[in-house]
$ cat target07.txt   # compact mmCIF, C-alpha atoms
# COMPACT_ATOMS: atom_id res chain seq x y z
CA MET I 1 -46.50 -28.11 -28.39
CA GLY I 2 -45.18 -28.14 -24.80
CA LEU I 3 -41.78 -26.81 -23.79
CA HIS I 4 -39.08 -29.25 -22.77
CA ARG I 5 -37.12 -28.52 -19.60
CA HIS I 6 -33.98 -27.78 -21.60
CA ASP I 7 -35.91 -25.11 -23.55
CA LEU I 8 -36.82 -23.14 -20.44
CA PRO I 9 -34.75 -20.09 -19.47
CA LYS I 10 -32.52 -20.37 -16.43
CA CYS I 11 -31.55 -18.00 -13.64
CA LEU I 12 -27.85 -17.33 -13.08
CA CYS I 13 -28.06 -19.66 -10.07
CA GLY I 14 -29.26 -22.49 -12.36
CA ALA I 15 -32.91 -22.57 -11.36
CA LEU I 16 -35.48 -23.00 -14.15
CA LEU I 17 -37.58 -19.93 -14.92
CA ALA I 18 -41.06 -19.49 -16.30
CA ARG I 19 -41.23 -18.46 -19.94
CA ASP I 20 -42.76 -15.12 -18.97
CA ASN I 21 -40.20 -14.36 -16.23
CA PRO I 22 -39.63 -10.57 -16.47
CA ASP I 23 -35.97 -10.17 -15.50
CA GLY I 24 -34.14 -13.47 -15.70
CA ARG I 25 -34.05 -14.09 -11.92
CA CYS I 26 -35.77 -16.63 -9.73
CA ALA I 27 -37.69 -15.57 -6.61
CA PRO I 28 -34.81 -16.33 -4.16
CA CYS I 29 -32.36 -14.31 -6.30
CA ARG I 30 -34.80 -11.40 -6.48
CA LYS I 31 -35.08 -11.51 -2.70
CA ARG I 32 -31.32 -11.46 -2.33
CA SER I 33 -31.22 -8.54 -4.77
CA ARG I 34 -33.67 -6.61 -2.59
CA GLU I 35 -31.57 -7.41 0.48
CA ARG I 36 -28.48 -5.94 -1.12
CA LEU I 37 -30.24 -2.61 -1.29
CA ARG I 38 -29.46 -2.37 2.40
CA VAL I 39 -26.05 -4.04 2.72
CA ALA I 40 -23.29 -5.25 0.41
CA PRO I 41 -23.85 -8.89 -0.60
CA ASP I 42 -21.68 -11.68 0.76
CA VAL I 43 -19.10 -12.84 -1.77
CA SER I 44 -16.89 -15.90 -2.14
CA PRO I 45 -13.09 -15.88 -1.62
CA GLU I 46 -12.71 -16.26 -5.41
CA PHE I 47 -14.58 -12.98 -5.91
CA TRP I 48 -11.44 -11.01 -5.02
CA GLU I 49 -9.29 -12.85 -7.59
CA ASP I 50 -11.17 -11.29 -10.54
CA THR I 51 -8.75 -9.50 -12.87
CA THR I 52 -10.48 -6.12 -12.69
CA MET I 53 -10.69 -6.31 -8.91
CA GLN I 54 -7.02 -7.29 -8.63
CA GLU I 55 -6.04 -4.32 -10.82
CA ALA I 56 -8.06 -1.95 -8.64
CA LEU I 57 -6.46 -3.31 -5.47
CA ALA I 58 -2.99 -3.13 -7.00
CA ARG I 59 -3.55 0.55 -7.82
CA ARG I 60 -4.51 1.22 -4.17
CA HIS I 61 -7.56 3.16 -5.35
CA MET I 62 -10.63 2.62 -3.18
CA GLY I 63 -12.91 4.21 -5.76
CA LYS I 64 -11.87 1.67 -8.37
CA VAL I 65 -12.29 -1.14 -5.81
CA ILE I 66 -15.89 -0.03 -5.18
CA ARG I 67 -16.60 0.11 -8.91
CA ALA I 68 -15.03 -3.32 -9.47
CA PHE I 69 -17.20 -4.66 -6.65
CA ARG I 70 -20.37 -3.18 -8.16
CA LEU I 71 -19.69 -4.42 -11.69
CA HIS I 72 -18.25 -7.82 -10.76
CA PRO I 73 -19.34 -10.58 -13.17
CA SER I 74 -20.61 -12.69 -10.26
CA HIS I 75 -23.58 -10.29 -10.01
CA GLY I 76 -24.76 -11.53 -13.41
CA ARG I 77 -26.85 -9.44 -15.76
CA HIS I 78 -27.80 -7.03 -12.98
CA PRO I 79 -24.71 -5.26 -11.62
CA ILE I 80 -25.09 -3.14 -8.53
CA SER I 81 -25.95 0.47 -9.31
CA GLN I 82 -24.18 3.49 -7.86
CA GLU I 83 -27.41 4.48 -6.14
CA THR I 84 -27.58 1.14 -4.34
CA ALA I 85 -23.91 1.10 -3.30
CA ALA I 86 -24.09 4.73 -2.18
CA ARG I 87 -26.81 3.82 0.33
CA TRP I 88 -24.43 1.41 2.07
CA ALA I 89 -22.33 4.38 3.18
CA HIS I 90 -25.21 6.88 3.44
CA LEU I 91 -23.91 8.81 0.42
CA SER I 92 -25.62 10.29 -2.60
CA GLN I 93 -25.10 8.83 -6.05
CA ALA I 94 -23.11 11.95 -7.04
CA GLN I 95 -20.82 11.59 -4.01
CA LEU I 96 -20.10 7.95 -4.83
CA SER I 97 -19.49 8.85 -8.46
CA ARG I 98 -16.82 11.35 -7.41
CA LEU I 99 -15.29 8.83 -5.02
CA GLU I 100 -15.07 6.17 -7.72
CA ALA I 101 -13.44 8.63 -10.12
CA ARG I 102 -10.99 10.33 -7.77
CA GLY I 103 -10.43 7.86 -4.95
CA THR I 104 -9.63 9.01 -1.43
CA SER I 105 -6.59 9.24 0.83
CA ASP I 106 -8.70 9.54 3.98
CA LEU I 107 -7.99 6.53 6.19
CA GLY I 108 -11.40 6.73 7.85
CA ARG I 109 -13.23 6.67 4.50
CA MET I 110 -11.06 3.84 3.15
CA SER I 111 -11.56 1.85 6.34
CA GLU I 112 -15.31 2.40 6.17
CA TRP I 113 -15.54 1.01 2.64
CA ALA I 114 -13.16 -1.87 3.40
CA THR I 115 -15.55 -2.81 6.22
CA ILE I 116 -18.71 -2.33 4.12
CA LEU I 117 -17.39 -4.51 1.30
CA GLU I 118 -15.66 -6.90 3.72
CA VAL I 119 -12.40 -6.73 1.78
CA PRO I 120 -10.06 -9.44 3.13
CA PRO I 121 -7.25 -7.70 5.10
CA ARG I 122 -4.55 -9.39 3.02
CA TYR I 123 -5.67 -7.37 -0.01
CA LEU I 124 -5.59 -3.98 1.72
CA TRP I 125 -2.70 -1.52 1.36
CA PHE I 126 -3.40 0.04 4.77
CA SER I 127 -4.15 -1.24 8.26
CA LEU I 128 -7.67 -1.00 9.59
CA PRO I 129 -7.70 1.08 12.80
CA GLU I 130 -8.31 -1.07 15.87
CA SER I 131 -10.83 1.37 17.30
CA ARG I 132 -12.96 4.35 16.33
CA ALA I 133 -10.72 6.52 18.49
CA GLU I 134 -7.72 5.52 16.40
CA THR I 135 -9.65 6.26 13.20
CA ASP I 136 -10.60 9.70 14.47
CA ALA I 137 -7.03 10.44 15.52
CA VAL I 138 -5.70 9.53 12.07
CA ASN I 139 -8.40 11.55 10.35
CA ARG I 140 -7.57 14.61 12.43
CA ARG I 141 -3.96 14.31 11.37
CA GLN I 142 -4.96 13.82 7.72
CA SER I 143 -7.45 16.66 7.59
CA LEU I 144 -6.86 19.52 5.17
CA LYS I 145 -3.93 21.11 6.90
CA LEU I 146 -0.57 22.06 5.60
CA GLY I 147 2.39 19.89 6.46
CA VAL I 148 5.55 21.25 8.00
CA ALA I 149 7.69 23.39 5.74
CA LEU I 150 10.79 22.23 7.59
CA ALA I 151 11.09 19.31 10.00
CA GLY I 152 10.29 20.50 13.50
CA THR I 153 8.04 23.43 12.60
CA PRO I 154 4.35 23.43 13.52
CA LEU I 155 1.49 22.64 11.17
CA VAL I 156 -0.15 25.63 9.53
CA SER I 157 -3.87 25.98 8.82
CA LEU I 158 -4.93 26.25 5.19
CA ALA I 159 -6.58 29.54 5.99
CA GLY I 160 -3.24 31.03 6.96
CA ASP I 161 -2.82 32.80 10.24
CA PRO I 162 -5.24 35.26 11.78
CA ALA I 163 -2.95 38.14 10.95
CA GLY I 164 -3.37 37.34 7.26
CA ARG I 165 0.06 35.76 6.68
CA ARG I 166 0.22 34.37 3.16
CA LEU I 167 1.11 30.74 2.43
CA THR I 168 4.66 30.03 1.35
CA ASP I 169 5.90 27.95 -1.56
CA ASP I 170 7.31 25.36 0.84
CA GLU I 171 4.03 25.05 2.72
CA CYS I 172 2.09 24.44 -0.49
CA ALA I 173 4.69 21.95 -1.71
CA GLN I 174 4.45 20.12 1.62
CA TRP I 175 0.67 19.86 1.42
CA LEU I 176 0.77 18.71 -2.23
CA ALA I 177 3.43 16.08 -1.51
CA TRP I 178 1.46 14.55 1.33
CA GLU I 179 -1.77 14.41 -0.68
CA LEU I 180 -0.03 12.82 -3.67
CA TRP I 181 1.70 10.27 -1.46
CA GLN I 182 -1.54 9.32 0.30
CA ARG I 183 -3.35 8.93 -3.02
CA ARG I 184 -0.43 7.13 -4.69
CA ALA I 185 -0.81 9.68 -7.51
CA HIS I 186 1.63 11.63 -9.68
CA SER I 187 -0.50 14.76 -9.98
CA LEU I 188 -3.60 16.42 -8.52
CA HIS I 189 -6.18 18.40 -10.48
CA HIS I 190 -6.77 21.99 -9.36
CA SER I 191 -10.43 21.19 -8.61
CA ASP I 192 -9.28 18.81 -5.85
CA LEU I 193 -7.22 21.50 -4.12
CA PRO I 194 -8.36 23.71 -1.24
CA VAL I 195 -8.91 27.25 -2.54
CA PRO I 196 -5.85 28.84 -0.81
CA ILE I 197 -3.57 26.11 -2.17
CA ALA I 198 -5.05 26.36 -5.68
CA ARG I 199 -4.58 30.14 -5.77
CA HIS I 200 -1.00 29.98 -4.54
CA LEU I 201 0.02 27.20 -6.92
CA ALA I 202 -1.60 28.98 -9.87
CA ALA I 203 0.49 32.08 -9.19
CA TRP I 204 3.62 30.06 -8.39
CA THR I 205 3.52 28.03 -11.62
CA ALA I 206 2.71 30.92 -13.95
CA GLY I 207 5.43 31.70 -16.47
CA PRO I 208 8.49 29.63 -17.51
CA ALA I 209 8.84 26.23 -15.85
CA VAL I 210 12.65 26.17 -15.80
CA GLY I 211 14.01 25.40 -12.33
CA ARG I 212 10.57 25.14 -10.72
CA LEU I 213 9.78 22.55 -8.05
CA VAL I 214 6.06 22.18 -8.81
CA LEU I 215 4.73 22.06 -12.37
CA ARG I 216 1.23 22.50 -13.82
CA ASP I 217 0.25 20.49 -16.92
CA ARG I 218 -2.19 21.49 -19.64
CA ASP I 219 -5.26 20.01 -17.96
CA GLY I 220 -4.65 21.98 -14.76
CA SER I 221 -3.06 19.21 -12.67
CA TYR I 222 -0.13 19.86 -10.34
CA GLY I 223 2.81 17.59 -9.67
CA PHE I 224 6.49 17.68 -8.81
CA ALA I 225 9.24 18.13 -11.38
CA HIS I 226 10.87 14.94 -10.05
CA PRO I 227 9.59 12.14 -7.74
CA SER I 228 12.48 12.75 -5.34
CA PHE I 229 10.91 16.06 -4.29
CA LEU I 230 7.77 14.24 -3.21
CA ASP I 231 9.81 11.76 -1.13
CA PHE I 232 11.69 14.62 0.49
CA TYR I 233 8.61 16.53 1.61
CA VAL I 234 6.78 13.40 2.80
CA ALA I 235 9.85 12.34 4.76
CA GLN I 236 10.00 15.75 6.42
CA ARG I 237 6.41 15.52 7.56
CA ILE I 238 6.78 11.98 8.90
CA PHE I 239 10.03 12.80 10.67
CA ASN I 240 8.39 15.78 12.34
CA ASP I 241 5.81 13.43 13.85
CA ILE I 242 8.45 10.89 14.86
CA THR I 243 10.32 13.51 16.86
CA ALA I 244 7.04 14.49 18.52
CA GLY I 245 6.35 10.86 19.46
CA ASP I 246 3.26 10.78 17.23
CA SER I 247 2.99 7.55 15.21
CA ALA I 248 -0.41 8.15 13.54
CA LEU I 249 0.88 9.23 10.12
CA PHE I 250 3.66 6.65 10.10
CA ALA I 251 1.09 3.92 10.78
CA ALA I 252 -1.34 5.11 8.08
CA ALA I 253 0.31 3.38 5.10
CA GLN I 254 3.49 1.49 4.25
CA THR I 255 6.24 3.85 3.14
CA THR I 256 8.33 3.31 0.03
CA HIS I 257 12.02 2.43 -0.13
CA ASP I 258 12.88 5.89 -1.45
CA THR I 259 10.88 7.70 1.26
CA ASP I 260 12.59 5.59 3.92
CA LEU I 261 15.99 6.58 2.56
CA VAL I 262 15.16 10.26 3.04
CA ILE I 263 13.73 9.70 6.55
CA ARG I 264 16.94 7.82 7.31
CA GLU I 265 18.98 10.97 6.64
CA PHE I 266 17.05 12.80 9.38
CA VAL I 267 17.07 9.89 11.85
CA ALA I 268 20.82 9.36 11.43
CA ARG I 269 21.30 12.81 12.97
CA ASP I 270 18.80 12.40 15.80
CA ASP I 271 19.36 9.65 18.39
CA GLU I 272 15.99 10.15 20.08
CA SER I 273 14.10 9.46 16.87
CA ALA I 274 16.05 6.23 16.40
CA THR I 275 15.05 5.20 19.92
CA ALA I 276 11.38 5.90 19.15
CA LEU I 277 11.58 3.85 15.95
CA THR I 278 13.15 0.93 17.80
CA HIS I 279 10.34 0.99 20.35
CA TRP I 280 7.68 1.03 17.62
CA MET I 281 9.39 -1.73 15.65
CA GLN I 282 9.43 -4.03 18.66
CA ARG I 283 6.18 -3.18 20.45
CA ALA I 284 3.73 -1.29 18.23
CA PRO I 285 0.36 -3.05 17.81
CA SER I 286 0.19 -2.00 14.14
CA SER I 287 2.12 -4.17 11.68
CA VAL I 288 2.36 -1.21 9.27
CA LEU I 289 4.01 0.92 11.95
CA ARG I 290 6.39 -1.92 12.84
CA VAL I 291 7.48 -2.45 9.23
CA ASN I 292 7.85 1.29 8.55
CA ALA I 293 10.04 1.71 11.63
CA ALA I 294 12.06 -1.35 10.64
CA GLY I 295 12.47 -0.01 7.11
CA VAL I 296 14.11 3.20 8.29
CA LEU I 297 16.30 1.54 10.93
CA ALA I 298 17.53 -1.05 8.42
CA LYS I 299 18.90 1.75 6.26
CA LEU I 300 21.04 3.35 8.98
CA GLY I 301 23.93 1.05 8.07
CA HIS I 302 24.81 -0.03 11.63
CA PRO I 303 25.30 -3.83 11.89
CA GLN I 304 23.88 -3.99 15.44
CA VAL I 305 20.78 -2.04 14.41
CA THR I 306 20.36 -4.25 11.35
CA ASP I 307 20.58 -7.31 13.60
CA SER I 308 17.77 -5.97 15.77
CA VAL I 309 15.64 -5.37 12.67
CA VAL I 310 16.22 -8.89 11.35
CA LYS I 311 15.39 -10.36 14.77
CA SER I 312 12.14 -8.41 14.67
CA LEU I 313 11.31 -9.73 11.21
CA LYS I 314 11.98 -13.27 12.36
CA SER I 315 9.70 -12.79 15.37
CA HIS I 316 6.71 -11.06 13.71
CA ALA I 317 5.18 -12.92 10.77
CA ASP I 318 2.94 -10.02 9.73
CA THR I 319 5.84 -7.54 9.71
CA ARG I 320 7.99 -10.05 7.84
CA GLN I 321 5.27 -10.51 5.21
CA LEU I 322 5.05 -6.75 4.59
CA TYR I 323 8.83 -6.34 4.33
CA LEU I 324 9.16 -9.36 2.02
CA THR I 325 6.36 -7.94 -0.13
CA ALA I 326 8.09 -4.55 -0.40
CA VAL I 327 11.42 -6.13 -1.37
CA THR I 328 9.76 -8.49 -3.86
CA SER I 329 7.85 -5.63 -5.48
CA ARG I 330 10.87 -3.33 -5.71
CA VAL I 331 13.56 -5.82 -6.70
CA LEU I 332 11.46 -7.88 -9.14
CA GLU I 333 9.52 -4.82 -10.37
CA LEU I 334 6.13 -6.40 -9.71
CA PRO I 335 2.74 -4.90 -8.79
CA TRP I 336 2.18 -4.84 -5.05
CA GLN I 337 -0.60 -7.44 -5.05
CA GLN I 338 1.41 -9.94 -7.08
CA ALA I 339 4.43 -9.36 -4.86
CA SER I 340 2.26 -9.95 -1.79
CA GLN I 341 1.07 -13.28 -3.17
CA LEU I 342 4.63 -14.37 -3.87
CA ALA I 343 5.89 -13.26 -0.46
CA GLY I 344 3.00 -15.07 1.21
CA THR I 345 4.24 -18.43 -0.11
CA VAL I 346 7.33 -18.16 2.09
CA GLU I 347 5.26 -18.96 5.16
CA ARG I 348 4.02 -22.19 3.55
CA GLY I 349 7.43 -23.81 3.41
CA PRO I 350 10.62 -24.03 1.31
CA THR I 351 10.53 -23.60 -2.49
CA GLN I 352 6.84 -22.58 -2.56
CA PHE I 353 7.79 -19.19 -4.01
CA ALA I 354 8.92 -20.81 -7.26
CA THR I 355 5.56 -22.53 -7.83
CA LEU I 356 4.05 -19.20 -8.93
CA LEU I 357 6.83 -18.45 -11.43
CA SER I 358 7.73 -19.85 -14.82
CA PRO I 359 11.31 -21.19 -15.20
CA ASP I 360 12.37 -18.00 -16.99
CA GLN I 361 10.76 -15.81 -14.32
CA ALA I 362 12.42 -17.84 -11.57
CA GLY I 363 15.83 -17.45 -13.21
CA HIS I 364 15.33 -13.70 -13.56
CA ALA I 365 14.17 -13.44 -9.95
CA ALA I 366 17.20 -15.37 -8.69
CA SER I 367 19.58 -13.04 -10.54
CA ARG I 368 17.89 -9.90 -9.21
CA LEU I 369 17.81 -11.23 -5.65
CA ALA I 370 21.48 -12.26 -5.89
CA ALA I 371 22.31 -8.64 -6.71
CA GLU I 372 20.16 -7.42 -3.80
CA LEU I 373 22.42 -9.37 -1.39
CA HIS I 374 24.95 -6.58 -1.96
CA ASN I 375 22.55 -3.67 -1.35
CA PRO I 376 24.54 -1.39 0.99
CA ARG I 377 21.55 0.83 1.77
CA ASP I 378 19.14 -1.69 3.32
CA GLY I 379 20.37 -4.42 5.67
CA ALA I 380 16.92 -5.96 6.08
CA ALA I 381 16.44 -6.14 2.31
CA ARG I 382 19.62 -8.22 2.15
CA TRP I 383 18.13 -10.60 4.70
CA CYS I 384 14.89 -10.76 2.70
CA ALA I 385 16.94 -11.60 -0.39
CA VAL I 386 18.46 -14.54 1.50
CA VAL I 387 15.00 -15.81 2.43
CA LEU I 388 13.67 -15.46 -1.12
CA LEU I 389 16.78 -16.98 -2.74
CA ASP I 390 16.32 -19.97 -0.46
CA GLN I 391 12.89 -20.38 -2.06
CA LEU I 392 14.54 -20.64 -5.49
CA ARG I 393 17.28 -23.09 -4.59
CA ASP I 394 15.67 -25.96 -6.56
CA VAL I 395 15.01 -24.02 -9.78
CA SER I 396 18.19 -21.86 -9.81
CA PRO I 397 20.59 -23.83 -7.58
CA ASP I 398 23.83 -22.44 -9.00
CA VAL I 399 22.77 -18.79 -8.82
CA ALA I 400 21.39 -19.18 -5.31
CA ALA I 401 24.39 -21.12 -3.97
CA ASN I 402 27.00 -18.79 -5.50
CA ALA I 403 25.22 -15.70 -4.21
CA LEU I 404 24.86 -17.11 -0.70
CA HIS I 405 28.51 -18.22 -0.54
CA THR I 406 29.57 -14.72 -1.63
CA ALA I 407 27.35 -13.23 1.08
CA LEU I 408 29.23 -15.25 3.69
CA ARG I 409 32.37 -13.26 2.83
CA VAL I 410 30.90 -9.76 2.63
CA GLU I 411 27.84 -9.59 4.93
CA ASP I 412 28.46 -7.71 8.21
CA GLY I 413 25.19 -8.54 9.98
CA SER I 414 25.44 -11.54 12.27
CA GLU I 415 21.72 -12.38 12.06
CA THR I 416 21.81 -12.34 8.26
CA LEU I 417 24.96 -14.47 8.29
CA ARG I 418 23.15 -17.01 10.48
CA SER I 419 20.33 -17.14 7.94
CA VAL I 420 22.78 -17.54 5.05
CA GLY I 421 24.41 -20.47 6.83
CA ALA I 422 21.04 -22.05 7.50
CA ALA I 423 19.99 -21.71 3.87
CA LEU I 424 23.23 -23.31 2.65
CA ALA I 425 22.73 -26.16 5.12
CA GLY I 426 19.19 -26.78 3.90
CA ALA I 427 17.51 -25.35 7.02
CA SER I 428 15.01 -22.51 7.29
CA PRO I 429 16.69 -19.07 7.18
CA ILE I 430 13.73 -17.66 9.15
CA SER I 431 13.63 -19.91 12.18
CA ILE I 432 17.38 -20.07 12.83
$ encode --input "target07.txt" --output "structure tokens"
Amino acid sequence: MGLHRHDLPKCLCGALLARDNPDGRCAPCRKRSRERLRVAPDVSPEFWEDTTMQEALARRHMGKVIRAFRLHPSHGRHPISQETAARWAHLSQAQLSRLEARGTSDLGRMSEWATILEVPPRYLWFSLPESRAETDAVNRRQSLKLGVALAGTPLVSLAGDPAGRRLTDDECAQWLAWELWQRRAHSLHHSDLPVPIARHLAAWTAGPAVGRLVLRDRDGSYGFAHPSFLDFYVAQRIFNDITAGDSALFAAAQTTHDTDLVIREFVARDDESATALTHWMQRAPSSVLRVNAAGVLAKLGHPQVTDSVVKSLKSHADTRQLYLTAVTSRVLELPWQQASQLAGTVERGPTQFATLLSPDQAGHAASRLAAELHNPRDGAARWCAVVLLDQLRDVSPDVAANALHTALRVEDGSETLRSVGAALAGASPISI
């Protein structure tokens, strides 16, 4: 009895296969599979919307992004092996395995994999360097060196000084803080530490933990007793570079609201650093550097400085998108990637923001954003709240209108007041 066409096996692409086909793939798909031994396969825009991939991107973990790419359901019954993916970056299988498990904070390595996988820039949590020279400069700054123990002091080599000076507690805390911040991690296992750091921390954390800055848990991982310590040490290191006119670290990744608040305390006492930040906000080629500079300046509490920040946000769409994303993530307590998607709707016109929210979510968002209009510690966040509330005016009209009318009475920034007036009049709060 002959086989009917509907009885024949099919390839994932839909092509009919011979009954004795050995691996469930047609000849063209096998050829494409062989090609991907040399380079990562081309993928569709929808590829990046897969749930596992979105979770990996939201965690800002390049190792998990690589794994999600390899095991993506679009590859069918034959996911990409670690051996194959490792060849794309000239690594061994063991090296890729460690990278997938631990991730990396090295901008050069992250940029390399973002390029290999052709990750769309809108999904990245860092800016790709514009040249190899910029990549090398960032990598030199992010190499295994100790950060400053106090703002203004020089960097210290992990090996200590030639005279045999021992590392200090502050130096080890500075190094640990920077590594944790770069990795977006809460703790770091002792096996990931340089030997001098591991030895010092082991001795430092021996005995009772009461009153100690750095703690060691049962599995041998080190972290800070409170997240505020991490923000403090990271802010010190960044401020040290700002005063030196070096923007490489500040351009490496978007800083958090809490880190900015600590940097603000240093900048408020140093006029030259504020001048440098203003220059970077207005003229830096990197959108990450512009938004980081704007984030610190907006927290100084000076109406004229806040006005300059808001003008910058109105003028630079990419900077505005990053700031709106940060405010959306913090105020609405959303993962970064989801916040980025919501913030991105603002550029598509009025009330688009609400299309991605349920009525209950929109009402909750309106209430949180109304409260953010009174945030005394971030003038630009207040302006962002105006812009986002304007997006919710059709679904929460009373909350939005009441909050905006209140802002007219209490806001001290003229640029934000102009945007409030525009929103109440039905015009765009961005273009005014």
$ closest_residue --input "target07.txt" --among "I:Thr104, I:Leu373, I:Lys64, I:Ala381" --to "Arg409 (chain I)" --atoms "all atoms listed in the file"
I:Leu373
$ atom_distance --input "target07.txt" --atom1 "CA of Ala370 (chain I)" --atom2 "CA of Ala317 (chain I)"
23.3 Å
$ residues_around --input "target07.txt" --residues "Leu392 (chain I)" --least-positions-apart "6" --cutoff "8 Å" --atoms "all atoms listed in the file" --output "compact mmCIF listing (two decimals) with C-alpha atoms, in the frame of the given file"
# COMPACT_ATOMS: atom_id res chain seq x y z
CA THR I 351 10.53 -23.60 -2.49
CA PHE I 353 7.79 -19.19 -4.01
CA ALA I 354 8.92 -20.81 -7.26
CA ALA I 362 12.42 -17.84 -11.57
CA ALA I 366 17.20 -15.37 -8.69
CA ALA I 400 21.39 -19.18 -5.31
$ atom_distance --input "target07.txt" --atom1 "CA of Trp280 (chain I)" --atom2 "CA of Arg184 (chain I)"
24.5 Å
$ closest_atom_pairs --input "target07.txt" --of "region 158-275 of chain I" --to "region 331-339 of chain I" --cutoff "12 Å" --atoms "all atoms listed in the file" --output "tab-separated table"
residue	atom	partner	partner_atom	distance
I:Gln254	CA	I:Trp336	CA	11.3
I:Thr256	CA	I:Trp336	CA	11.4
I:His257	CA	I:Val331	CA	10.7
$ write_last_selection --input "target07.txt" --atoms "C-alpha atoms" --output "mmCIF file, in the frame of the given file"
data_model
loop_
_atom_site.group_PDB
_atom_site.id
_atom_site.type_symbol
_atom_site.label_atom_id
_atom_site.label_comp_id
_atom_site.auth_asym_id
_atom_site.auth_seq_id
_atom_site.Cartn_x
_atom_site.Cartn_y
_atom_site.Cartn_z
ATOM 1 C CA GLN I 254 3.490 1.490 4.250
ATOM 2 C CA THR I 256 8.330 3.310 0.030
ATOM 3 C CA HIS I 257 12.020 2.430 -0.130
#
